[in-house]
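Trainee: Dropping a structure here in structure tokens format, bear with me for questions.
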Amino acid sequence: MKIDSRKILTHVAIIVICLVVAIAYFYPVLQGKVVYQSDILNAQAMNNEQVQYHDATGQYTHWTPGMFSGMPSYQTYVEPQHSVFTTLKEALVMRGLGWERSIAVLFLYLLGFYICLAAMGVNPWISLIGAIAFGLGSYNIIIVEAGHITKAWALSMMAPILAGMVLTFRRKYVWGGILFTLALGLQITFNHIQITYYTVLTAGILGVVYFIFAIKEKTLKQFLIGVGVLVIGSVLVLATNSRHLIVNQEYAKYTMRGGSEISVTPEDLYKDGEPKSMAGKKAGLNIDYAFNWSYGKGETFTILVPAFYGGGSGDKALKNGEYERLIDMQPWHQDQKDYYKAHAPYYWGEQPGTSGPVYFGAIIVFLFVFGLFVVKGPERWWLLIATFLAILMSWGKNFGWFNGFLFDNLPYYNKFRTPSMSLVIANVAMVMMAMLALKAVFDKKNLNTTDQRSLNRALYISAGITGGLCLLFALFASSFSYTALSELSEQQTNNVMLDALINDRKALLRSDSFRSLALIVLAGGAIWLFVNNKIKKAAPVVAILAALVVFDLWGVDKRYLNESSFVSKNQFALYPTQDDMAIDQAAAEVGDKDYRVLDMAHNTFNDAKPSAFHHQIGGYHAAKLRRYQDLIDFYISRHINMDVLNMLNARYFVVPDGNGGTAVQRNMYALGNAWFVDKFTIVNTPNDEILALNNFNPADTAIVGADFAQFVQGKELSRDSSSTIAMEHQTPYNPDYVTYNSHTTKDQLAVFSEIYYAPDWRAYIDGKPAEYLRVNYILRAMVVPAGDHKIEFRNEAPTKHKWDKITLASSIVLVVVIFGAIALWVMKRRKEKPTGQTTKPDNKTNQAIKHK
């Protein structure tokens with residue numbers, strides 16, 4: 001078995017180039033700076049208490065106490081699973097160097113796509129162009145700036161997974177299977193389920209197309225062998241990630257993604273008569289919520305012209321533009337002027353807002369169209385179908401009949417939101433098609449007249465379509481409205497600021513249209529010179545295309561993630577705010593401990609930062625507990641119900657002070673951590689449970705659902721005035737453990753201001769297992785026997801611990817299978833005759849030659 005050292009050196013050199021590109025883009029990281037990523041700051045805030053406890057004790061916990069009165073931490077901060085993929089992940093994200101949220105992300109984009117194209121037989125240098133084109137796609141950079149790091153990591157594995165499938169269907173069973181298995185395992189470990197869902201959807205399209213070709217070409221047996229290899233790889237990956245998958249599947253049933261148990265709405269609280277049910281109650285997200293971020297149909301052209309819909313919701317003002325000049329004319333302080341110039345609302349699309357456009361690159365779009373003519377075989381079809389489907393899905397509510405059908409019928413699709421995210425499929429597919437198009441051109445040797453004619457025709461058509469659109473956009477830029485739906489009322493009042501924005505939006509579209517046109521002409525011209533033998537060698541043309549792609553995408557990306565996006569590590573650290581210190585001071589004065597805060601002065605349910613130093617009623621998470629979201633919708637976000645806040649132990653409020661600042665107020669009626677009630681009311685349905693909270697006194701009464709009635713029915717549980725129950729204060733605070741001391745003279749019903757989550761929490765009285773129930777729609781309760789007792793709640797996370805062992809065992813099996821497959825492949829290759837050695841043909845071979 002001969003090793004081609006030249007090929008290996010080429011691959012190593014390109015991997016080094018990928019790392020250099022990543023470092024060059026994020027070079028301020030080498031100066032000790034970090035990207036200011038709002039989502040990362042939110043994540044650090046929501047996990048702050050858990051991290052502190054881990055630092056103090058070395059133990060991981062499974063509960064996040066800082067947000068939404070407490071919730072499971074399986075999607076925020078959890079002990080790494082005992083999996084081979086955890087080790088691979090830590091190595092690839094370069095956490096030891098502190099590059100996991102910047103340099104390593106771009107490097108993974110580049111490395112993953114390079115491996116994909118190289119595995120598909122694309123020339124290494126063309127593969128490098130594809131890697132750069134994908135890695136520098138605007139969406140991929142913008143999500144790094146936003147701090148959507150797990151999404152970025154998972155996205156980097158999408159192309160290698162698909163390439164592993166292609167390799168397997170091309171009968172490279174060992175290496176295709178290994179690539180598929182490793183990439184899929186890493187993607188699941190990176191933990192962004194929606195990206196994995198899109199990957200599976202794309203893989204399904206790929207598989208169906210290859211199946212059709214297998215039938216057509218009579219290679220069904222080989223196809224089925226490939227399917228078998230992929231199934232084995234998938235089973236091993238699922239087993240090796242089983243703890244992560246099973247625990248999150250269990251958790252998802254109780255979250256917003258699992259749908260709602262109720263069919264009433266908050267409006268039913270204020271209507272006469274019987275509650276009016278919502279139509280179509282089912283598992284999954286509400287479709288209006290899920291489709292909130294839907295790409296506009298016209299907005300799709302941002303993949304070709306980045307500023308087609310203005311850009312981002314807070315872009316830097318156009319230099320010497322009308323908006324900038326108008327700001328300079330205002331009698332404001334310079335800091336205020338600078339702020340408005342740095343946050344120009346140029347976006348005018350149909351989404352609530354966006355950090356920037358999804359731009360694939362004018363050259364990539366041109367080459368994609370070109371590839372539709374020159375790429376042959378199954379790749380042409382599955383890449384085209386995947387792209388088309390991704391665009392339709394991205395339109396969400398703007399293509400309602402189609403996407404509504406998918407939402408209702410495509411398995412698990414109603415668990416996800418943000419339809420515009422589906423464009424990641426199109427990004428992968430279009431870059432892949434573009435590079436396969438270049439492969440089709442540069443793989444041809446000594447182009448004959450027929451080849452030249454065919455390629456020229458494809459060039460003219462693809463350049464005519466893409467370049468022609470750019471020219472039309474530039475020439476007819478005045479034909480668009482440039483006004484978002486939310487701005488229509490302002491337009492009617494002849495708002496001067498809006499007029500300036502509209503003129504800048506028009507200028508941006510026109511300039512970017514000409515920019516894209518120029519790039520298409522230059523790229524198309526370079527390919528034309530090669531096709532028509534004006535340039536004899538491919539290398540100069542490949543270099544020109546690489547330079548154009550880098551110039552194109554780098555320039556657009558720097559509009560959204562540039563030097564101003566970096567701050568010192570101290571600026572990115574968490575510090576107590578004035579409100580936090582005021583709460584601490586007030587609590588110390590009266591001896592308050594173990595309470596919650598409702599911050600009404602900021603974005604209560606879309607900001608986790610207040611959770612860094614105090615347990616909050618609010619917070620931010622896209623998969624909060626379903627019943628808690630119901631509580632927010634009915635009794636907190638629209639209309640404040642003090643009884644509900646009192647039972648949640650909301651001791652302090654942060655409120656606007658009317659002068660642009662904030663004030664801290666103490667709530668003397670908060671019920672504390674636990675209390676005994678005088679009576680209970682049993683209700684029949686979840687609808688009754690949620691509505692009953694509108695008119696009850698939680699200090700006296702507990703609302704018990706019918707499914708927990710057996711715990712209290714027929715019992716005399718009235719309150720004894722001499723009874724007491726109190727939580728033990730912990731230092732350091734352990735989120736997975738709560739203990740209370742009770743004193744009663746008879747059996748009584750205690751309510752605990754803790755969120756009910758049955759899969760993980762276990763109760764004990766004096767060290768012995770005890771039953772507990774859910775009351776008041778969301779809280780825990782227990783029948784406490786007479787006497788003096790110690791009551792404990794322990795988060796034992798039994799599902800997590802059970803599957804930890806299975807995950808570890810599966811990892812061992814996976815490693816053995818992979819190394820065994822490689823060993824068998826090597827042994828087989830060694831048995832083969834060296835290249836160039838011939839054997840004497842036997843009689844059958846001679847006869848076959850003569851016959852031929």
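Every chain in the structure tokens has a letter given in the order shown (A, B, ...), and although residue numbers restart at 1 in each chain, ligands are simply numbered from 1 in the order shown.
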As a VMD selection string, which residues of range 189-381 of chain A does DSSP assign to alpha helix (DSSP H)?

Mentor: chain A and resid 189 to 190 193 to 217 220 to 240 242 to 252 287 to 290 322 to 329 334 to 342 362 to 374 378 to 381

Trainee: Quick one: everything within 7 Å of range 475-480 of chain A, counting only C-alpha atoms, minus sequence neighbours fewer than 5 positions away in the same chain. Send it as a PyMOL selection string.

Mentor: chain A and resi 506+509-510

Trainee: One decimal, in Å: what's the spacing between CA of Tyr25 in chain A and CA of Ile132 in chain A?

Mentor: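 So the answer is 11.7 Å.
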
Trainee: Pick from A:Asn533, A:Thr724, A:Asn292, A:Ser313: nearest to Lys445 in chain A, with only C-alpha atoms counted?

Mentor: A:Asn533

Trainee: Hey, what's within 7 Å of range 160-172 of chain A if we count only C-alpha atoms and toss same-chain stuff fewer than 4 positions away? As a PDB file with N, CA and C atoms, in the first residue's frame, please?

Mentor:
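The file below, selection-v1.pdb, is the result:
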ATOM      1  N   GLY A 112     -14.423  21.530   8.156  1.00  0.00           N
ATOM      2  CA  GLY A 112     -15.526  20.625   7.834  1.00  0.00           C
ATOM      3  C   GLY A 112     -15.883  20.645   6.359  1.00  0.00           C
ATOM      4  N   PHE A 113     -15.961  21.827   5.786  1.00  0.00           N
ATOM      5  CA  PHE A 113     -16.348  21.911   4.372  1.00  0.00           C
ATOM      6  C   PHE A 113     -15.217  21.445   3.462  1.00  0.00           C
ATOM      7  N   ILE A 115     -13.035  19.061   4.183  1.00  0.00           N
ATOM      8  CA  ILE A 115     -13.090  17.594   4.231  1.00  0.00           C
ATOM      9  C   ILE A 115     -14.224  17.081   3.362  1.00  0.00           C
ATOM     10  N   CYS A 116     -15.364  17.761   3.426  1.00  0.00           N
ATOM     11  CA  CYS A 116     -16.526  17.367   2.613  1.00  0.00           C
ATOM     12  C   CYS A 116     -16.184  17.335   1.129  1.00  0.00           C
ATOM     13  N   ALA A 119     -13.476  14.795   0.129  1.00  0.00           N
ATOM     14  CA  ALA A 119     -14.018  13.438   0.125  1.00  0.00           C
ATOM     15  C   ALA A 119     -14.844  13.167  -1.126  1.00  0.00           C
ATOM     16  N   MET A 120     -15.447  14.212  -1.681  1.00  0.00           N
ATOM     17  CA  MET A 120     -16.266  14.057  -2.886  1.00  0.00           C
ATOM     18  C   MET A 120     -15.436  14.128  -4.162  1.00  0.00           C
ATOM     19  N   GLY A 176     -16.336   6.328   4.023  1.00  0.00           N
ATOM     20  CA  GLY A 176     -17.605   7.050   4.040  1.00  0.00           C
ATOM     21  C   GLY A 176     -18.341   6.838   5.346  1.00  0.00           C
ATOM     22  N   GLY A 177     -18.358   5.598   5.803  1.00  0.00           N
ATOM     23  CA  GLY A 177     -19.029   5.301   7.070  1.00  0.00           C
ATOM     24  C   GLY A 177     -18.359   5.980   8.242  1.00  0.00           C
ATOM     25  N   LEU A 179     -16.454   8.770   8.193  1.00  0.00           N
ATOM     26  CA  LEU A 179     -16.683  10.214   8.116  1.00  0.00           C
ATOM     27  C   LEU A 179     -18.098  10.554   8.573  1.00  0.00           C
ATOM     28  N   PHE A 180     -19.069   9.818   8.088  1.00  0.00           N
ATOM     29  CA  PHE A 180     -20.458  10.042   8.472  1.00  0.00           C
ATOM     30  C   PHE A 180     -20.643   9.888   9.979  1.00  0.00           C
ATOM     31  N   ALA A 183     -18.723  12.717  12.072  1.00  0.00           N
ATOM     32  CA  ALA A 183     -19.329  14.039  11.903  1.00  0.00           C
ATOM     33  C   ALA A 183     -20.699  14.101  12.571  1.00  0.00           C
ATOM     34  N   LEU A 184     -21.502  13.051  12.406  1.00  0.00           N
ATOM     35  CA  LEU A 184     -22.825  13.035  13.032  1.00  0.00           C
ATOM     36  C   LEU A 184     -22.709  13.000  14.552  1.00  0.00           C
ATOM     37  N   ALA A 203     -30.299  14.916   4.469  1.00  0.00           N
ATOM     38  CA  ALA A 203     -29.820  13.550   4.261  1.00  0.00           C
ATOM     39  C   ALA A 203     -30.915  12.675   3.658  1.00  0.00           C
ATOM     40  N   GLN A 222     -25.648  -2.566  -4.028  1.00  0.00           N
ATOM     41  CA  GLN A 222     -24.583  -1.723  -3.473  1.00  0.00           C
ATOM     42  C   GLN A 222     -25.169  -0.563  -2.648  1.00  0.00           C
ATOM     43  N   PHE A 223     -26.305  -0.031  -3.127  1.00  0.00           N
ATOM     44  CA  PHE A 223     -26.969   1.044  -2.388  1.00  0.00           C
ATOM     45  C   PHE A 223     -27.414   0.552  -1.021  1.00  0.00           C
ATOM     46  N   GLY A 226     -24.624   0.297   1.357  1.00  0.00           N
ATOM     47  CA  GLY A 226     -24.320   1.634   1.867  1.00  0.00           C
ATOM     48  C   GLY A 226     -25.291   2.075   2.950  1.00  0.00           C
TER      49      GLY A 226
END

Trainee: Within 9 Å of range 6-17 of chain A, counting only C-alpha atoms, which residues show up once you throw out same-chain ones fewer than 5 positions away? Write them as JSON, numbers by chain, please.

Mentor: {"A": [22, 107, 110, 111, 114, 124, 125, 128]}

Trainee: Generate a file of the selected residues that holds all heavy atoms, formatted as a PDB file, in the first residue's frame.

Mentor:
ATOM      1  N   ALA A  22      -8.750  31.755   9.794  1.00  0.00           N
ATOM      2  CA  ALA A  22      -9.558  31.934  11.004  1.00  0.00           C
ATOM      3  C   ALA A  22      -8.886  32.894  11.976  1.00  0.00           C
ATOM      4  O   ALA A  22      -9.535  33.768  12.567  1.00  0.00           O
ATOM      5  CB  ALA A  22      -9.807  30.582  11.678  1.00  0.00           C
ATOM      6  N   PHE A 107     -12.566  28.081  12.034  1.00  0.00           N
ATOM      7  CA  PHE A 107     -11.711  26.966  11.614  1.00  0.00           C
ATOM      8  C   PHE A 107     -12.538  25.701  11.388  1.00  0.00           C
ATOM      9  O   PHE A 107     -12.319  24.966  10.419  1.00  0.00           O
ATOM     10  CB  PHE A 107     -10.621  26.712  12.662  1.00  0.00           C
ATOM     11  CG  PHE A 107      -9.739  25.538  12.337  1.00  0.00           C
ATOM     12  CD1 PHE A 107      -8.872  25.576  11.255  1.00  0.00           C
ATOM     13  CD2 PHE A 107      -9.788  24.378  13.105  1.00  0.00           C
ATOM     14  CE1 PHE A 107      -8.060  24.490  10.945  1.00  0.00           C
ATOM     15  CE2 PHE A 107      -8.990  23.296  12.811  1.00  0.00           C
ATOM     16  CZ  PHE A 107      -8.123  23.348  11.722  1.00  0.00           C
ATOM     17  N   LEU A 110     -14.364  25.922   8.093  1.00  0.00           N
ATOM     18  CA  LEU A 110     -13.448  25.711   6.966  1.00  0.00           C
ATOM     19  C   LEU A 110     -13.006  24.254   6.874  1.00  0.00           C
ATOM     20  O   LEU A 110     -13.021  23.651   5.789  1.00  0.00           O
ATOM     21  CB  LEU A 110     -12.229  26.626   7.109  1.00  0.00           C
ATOM     22  CG  LEU A 110     -12.502  28.136   7.162  1.00  0.00           C
ATOM     23  CD1 LEU A 110     -11.220  28.892   7.474  1.00  0.00           C
ATOM     24  CD2 LEU A 110     -13.088  28.630   5.862  1.00  0.00           C
ATOM     25  N   LEU A 111     -12.625  23.696   8.010  1.00  0.00           N
ATOM     26  CA  LEU A 111     -12.136  22.319   8.021  1.00  0.00           C
ATOM     27  C   LEU A 111     -13.234  21.347   7.600  1.00  0.00           C
ATOM     28  O   LEU A 111     -13.001  20.448   6.777  1.00  0.00           O
ATOM     29  CB  LEU A 111     -11.629  21.963   9.419  1.00  0.00           C
ATOM     30  CG  LEU A 111     -11.115  20.532   9.609  1.00  0.00           C
ATOM     31  CD1 LEU A 111      -9.881  20.292   8.740  1.00  0.00           C
ATOM     32  CD2 LEU A 111     -10.797  20.259  11.080  1.00  0.00           C
ATOM     33  N   TYR A 114     -13.983  21.699   3.876  1.00  0.00           N
ATOM     34  CA  TYR A 114     -12.847  21.212   3.067  1.00  0.00           C
ATOM     35  C   TYR A 114     -12.845  19.683   3.034  1.00  0.00           C
ATOM     36  O   TYR A 114     -12.688  19.073   1.961  1.00  0.00           O
ATOM     37  CB  TYR A 114     -11.526  21.721   3.637  1.00  0.00           C
ATOM     38  CG  TYR A 114     -10.336  21.129   2.906  1.00  0.00           C
ATOM     39  CD1 TYR A 114     -10.012  21.564   1.630  1.00  0.00           C
ATOM     40  CD2 TYR A 114      -9.587  20.106   3.484  1.00  0.00           C
ATOM     41  CE1 TYR A 114      -8.947  20.995   0.936  1.00  0.00           C
ATOM     42  CE2 TYR A 114      -8.525  19.539   2.803  1.00  0.00           C
ATOM     43  CZ  TYR A 114      -8.207  19.990   1.521  1.00  0.00           C
ATOM     44  OH  TYR A 114      -7.174  19.417   0.839  1.00  0.00           O
ATOM     45  N   PRO A 124      -8.063  19.725  -4.202  1.00  0.00           N
ATOM     46  CA  PRO A 124      -7.849  20.361  -2.897  1.00  0.00           C
ATOM     47  C   PRO A 124      -7.956  21.882  -2.908  1.00  0.00           C
ATOM     48  O   PRO A 124      -8.508  22.471  -1.979  1.00  0.00           O
ATOM     49  CB  PRO A 124      -6.433  19.902  -2.513  1.00  0.00           C
ATOM     50  CG  PRO A 124      -6.260  18.588  -3.214  1.00  0.00           C
ATOM     51  CD  PRO A 124      -7.000  18.734  -4.510  1.00  0.00           C
ATOM     52  N   TRP A 125      -7.443  22.527  -3.962  1.00  0.00           N
ATOM     53  CA  TRP A 125      -7.450  23.989  -3.977  1.00  0.00           C
ATOM     54  C   TRP A 125      -8.841  24.545  -4.279  1.00  0.00           C
ATOM     55  O   TRP A 125      -9.228  25.583  -3.747  1.00  0.00           O
ATOM     56  CB  TRP A 125      -6.402  24.517  -4.954  1.00  0.00           C
ATOM     57  CG  TRP A 125      -5.030  24.064  -4.552  1.00  0.00           C
ATOM     58  CD1 TRP A 125      -4.273  23.098  -5.119  1.00  0.00           C
ATOM     59  CD2 TRP A 125      -4.276  24.537  -3.415  1.00  0.00           C
ATOM     60  NE1 TRP A 125      -3.101  22.926  -4.435  1.00  0.00           N
ATOM     61  CE2 TRP A 125      -3.057  23.807  -3.390  1.00  0.00           C
ATOM     62  CE3 TRP A 125      -4.500  25.494  -2.433  1.00  0.00           C
ATOM     63  CZ2 TRP A 125      -2.098  24.016  -2.414  1.00  0.00           C
ATOM     64  CZ3 TRP A 125      -3.531  25.698  -1.451  1.00  0.00           C
ATOM     65  CH2 TRP A 125      -2.341  24.973  -1.457  1.00  0.00           C
ATOM     66  N   LEU A 128     -10.631  24.251  -1.085  1.00  0.00           N
ATOM     67  CA  LEU A 128     -10.305  25.361  -0.188  1.00  0.00           C
ATOM     68  C   LEU A 128     -11.189  26.572  -0.497  1.00  0.00           C
ATOM     69  O   LEU A 128     -11.665  27.251   0.422  1.00  0.00           O
ATOM     70  CB  LEU A 128      -8.833  25.736  -0.310  1.00  0.00           C
ATOM     71  CG  LEU A 128      -8.370  26.950   0.515  1.00  0.00           C
ATOM     72  CD1 LEU A 128      -8.605  26.705   2.000  1.00  0.00           C
ATOM     73  CD2 LEU A 128      -6.907  27.266   0.249  1.00  0.00           C
TER      74      LEU A 128
END

Trainee: Excluding range 660-670 of chain A and any residue of its chain fewer than 4 positions from it, enumerate the residues within 9 Å of it, using only C-alpha atoms, and give them as a list of chain:residue names.

Mentor: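 Non-adjacent residues within range: A:Asp579, A:Ala582, A:Ile583, A:Ala586, A:Ala587, A:Tyr595, A:Ala601, A:Met642, A:Asp643, A:Leu645, A:Asn646, A:Met647, A:Leu648, A:Asn649, A:Ala650, A:Arg651, A:Tyr652, A:Phe653, A:Val654, A:Val655, A:Pro656.
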
Trainee: Any chance you could export the current selection's C-alpha atoms as an mmCIF file, in the first residue's frame?

Mentor:
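Dumped to selection-v4.cif:
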data_model
loop_
_atom_site.group_PDB
_atom_site.id
_atom_site.type_symbol
_atom_site.label_atom_id
_atom_site.label_comp_id
_atom_site.auth_asym_id
_atom_site.auth_seq_id
_atom_site.Cartn_x
_atom_site.Cartn_y
_atom_site.Cartn_z
ATOM 1 C CA ASP A 579 -29.971 47.220 41.200
ATOM 2 C CA ALA A 582 -29.428 47.803 46.149
ATOM 3 C CA ILE A 583 -31.289 44.498 46.558
ATOM 4 C CA ALA A 586 -32.036 46.031 51.411
ATOM 5 C CA ALA A 587 -32.057 42.280 52.071
ATOM 6 C CA TYR A 595 -35.960 35.019 47.797
ATOM 7 C CA ALA A 601 -37.428 47.655 34.396
ATOM 8 C CA MET A 642 -49.819 39.706 43.028
ATOM 9 C CA ASP A 643 -51.166 36.451 44.475
ATOM 10 C CA LEU A 645 -46.077 36.557 42.446
ATOM 11 C CA ASN A 646 -46.431 36.102 46.200
ATOM 12 C CA MET A 647 -46.554 32.310 45.867
ATOM 13 C CA LEU A 648 -43.420 32.516 43.685
ATOM 14 C CA ASN A 649 -41.700 34.328 46.584
ATOM 15 C CA ALA A 650 -41.129 37.518 44.590
ATOM 16 C CA ARG A 651 -39.667 39.493 47.486
ATOM 17 C CA TYR A 652 -38.077 42.304 45.475
ATOM 18 C CA PHE A 653 -39.156 44.253 42.409
ATOM 19 C CA VAL A 654 -36.987 46.337 40.092
ATOM 20 C CA VAL A 655 -39.188 48.996 38.514
ATOM 21 C CA PRO A 656 -38.712 52.141 36.384
#

Trainee: Give me, please, the distance in Å between CA of Ile544 in chain A and CA of Leu384 in chain A, quoted to one decimal.

Mentor: 26.4 Å

Trainee: Compare A:Ala133, A:Phe405, A:Ile520, A:Lys439 by their minimum atom-to-atom distance to Ala538 in chain A, counting only C-alpha atoms, and give me the closest one.

Mentor: A:Lys439

Trainee: For the strand (DSSP E) assignment from backbone DSSP, which residues of range 569-761 of chain A qualify? Please present them as a ChimeraX atom specification.

Mentor: /A:596-599,650-656,662-666,674-676,679-683,701-705,724-727,737-744,748-755,761

Trainee: Show which residues sit within 8 Å of Arg417 in chain A, as a list in words. Count only C-alpha atoms, and ignore same-chain residues fewer than 6 positions away.

Mentor: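 Here the answer would be Leu285, Tyr289, Ala290, Phe291, Asn292 and Trp293 of chain A.
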
Trainee: Which of these, A:Pro378, A:Pro735, A:Gly619, A:Gly467, has the shortest distance to Leu436 in chain A once you count only C-alpha atoms?

Mentor: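 For Leu436 in chain A, the nearest of the candidates is A:Pro378.
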
Trainee: Taking 6 positions as the minimum chain separation for residues in the same chain, which residues sit within 10 Å of Gly356 in chain A when counting only C-alpha atoms? Answer as a CSV table (one decimal) with N, CA, C and O atoms, in the first residue's frame.

Mentor:
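So the final result, stored in out-v3.csv, reads:
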chain,number,residue,atom,x,y,z
A,138,SER,N,-22.3,35.1,5.3
A,138,SER,CA,-22.6,36.1,6.3
A,138,SER,C,-23.4,35.6,7.5
A,138,SER,O,-23.1,35.9,8.6
A,139,TYR,N,-24.3,34.7,7.2
A,139,TYR,CA,-25.1,34.1,8.4
A,139,TYR,C,-24.1,33.4,9.3
A,139,TYR,O,-24.3,33.5,10.6
A,141,ILE,N,-21.1,34.0,10.0
A,141,ILE,CA,-20.3,34.9,10.8
A,141,ILE,C,-21.2,35.7,11.8
A,141,ILE,O,-20.9,35.9,12.9
A,142,ILE,N,-22.4,36.0,11.3
A,142,ILE,CA,-23.3,36.8,12.2
A,142,ILE,C,-23.7,36.0,13.4
A,142,ILE,O,-23.9,36.6,14.5
A,143,ILE,N,-23.9,34.7,13.3
A,143,ILE,CA,-24.3,33.9,14.5
A,143,ILE,C,-23.2,33.8,15.4
A,143,ILE,O,-23.4,33.6,16.6
A,302,THR,N,-31.4,38.5,-0.9
A,302,THR,CA,-30.1,38.9,-0.1
A,302,THR,C,-29.0,37.8,-0.3
A,302,THR,O,-27.9,38.1,0.0
A,306,PRO,N,-26.4,41.6,-0.9
A,306,PRO,CA,-26.5,41.6,0.6
A,306,PRO,C,-27.4,42.7,1.2
A,306,PRO,O,-28.1,42.4,2.1
A,307,ALA,N,-27.4,43.9,0.6
A,307,ALA,CA,-28.2,45.0,1.1
A,307,ALA,C,-29.6,45.1,0.4
A,307,ALA,O,-30.2,46.1,0.4
A,309,TYR,N,-32.4,44.1,1.3
A,309,TYR,CA,-33.4,44.5,2.3
A,309,TYR,C,-32.8,45.4,3.3
A,309,TYR,O,-33.2,45.4,4.5
A,310,GLY,N,-31.8,46.1,3.0
A,310,GLY,CA,-31.2,47.1,3.8
A,310,GLY,C,-30.0,46.7,4.6
A,310,GLY,O,-29.1,47.4,4.9
A,311,GLY,N,-30.0,45.4,5.1
A,311,GLY,CA,-28.9,44.9,5.9
A,311,GLY,C,-29.4,44.5,7.2
A,311,GLY,O,-30.4,43.7,7.3
A,312,GLY,N,-28.9,45.0,8.3
A,312,GLY,CA,-29.3,44.6,9.7
A,312,GLY,C,-30.2,45.7,10.3
A,312,GLY,O,-30.3,46.8,9.8
A,313,SER,N,-30.7,45.3,11.5
A,313,SER,CA,-31.6,46.2,12.2
A,313,SER,C,-30.9,47.3,12.9
A,313,SER,O,-31.5,48.3,13.4
A,314,GLY,N,-29.6,47.2,13.0
A,314,GLY,CA,-28.7,48.2,13.7
A,314,GLY,C,-27.4,48.3,13.1
A,314,GLY,O,-26.4,48.2,13.7
A,315,ASP,N,-27.3,48.6,11.8
A,315,ASP,CA,-26.1,48.7,11.1
A,315,ASP,C,-25.4,50.1,11.3
A,315,ASP,O,-26.0,51.0,11.8
A,346,TYR,N,-31.5,50.0,9.2
A,346,TYR,CA,-31.6,49.9,7.7
A,346,TYR,C,-32.5,48.7,7.3
A,346,TYR,O,-33.1,48.8,6.2
A,347,TYR,N,-32.6,47.7,8.1
A,347,TYR,CA,-33.4,46.6,7.7
A,347,TYR,C,-34.9,46.9,7.6
A,347,TYR,O,-35.5,47.6,8.4
A,556,VAL,N,-18.3,41.8,3.2
A,556,VAL,CA,-19.7,41.9,3.7
A,556,VAL,C,-19.7,41.5,5.2
A,556,VAL,O,-20.3,42.1,6.0
A,557,ASP,N,-18.9,40.5,5.5
A,557,ASP,CA,-18.8,40.0,6.9
A,557,ASP,C,-18.3,41.1,7.9
A,557,ASP,O,-18.8,41.2,9.0
A,559,ARG,N,-18.9,44.1,7.8
A,559,ARG,CA,-20.0,45.0,8.2
A,559,ARG,C,-20.6,44.7,9.5
A,559,ARG,O,-21.2,45.5,10.2
A,560,TYR,N,-20.6,43.4,9.9
A,560,TYR,CA,-21.3,42.9,11.0
A,560,TYR,C,-20.4,42.3,12.1
A,560,TYR,O,-20.9,42.4,13.3

Trainee: Taking only C-alpha atoms into account, which of A:Gly361, A:Gly135, A:Gly147, A:Pro266 comes nearest Leu693 in chain A?

Mentor: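 Nearest to Leu693 in chain A: A:Pro266.
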
Trainee: For a quick check of understanding, using only C-alpha atoms, which of A:Ile40, A:Met430, A:Val541, A:Val174 has the smallest distance to Leu824 in chain A?

Mentor: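 Result for the nearest residue to Leu824 in chain A: A:Val174.
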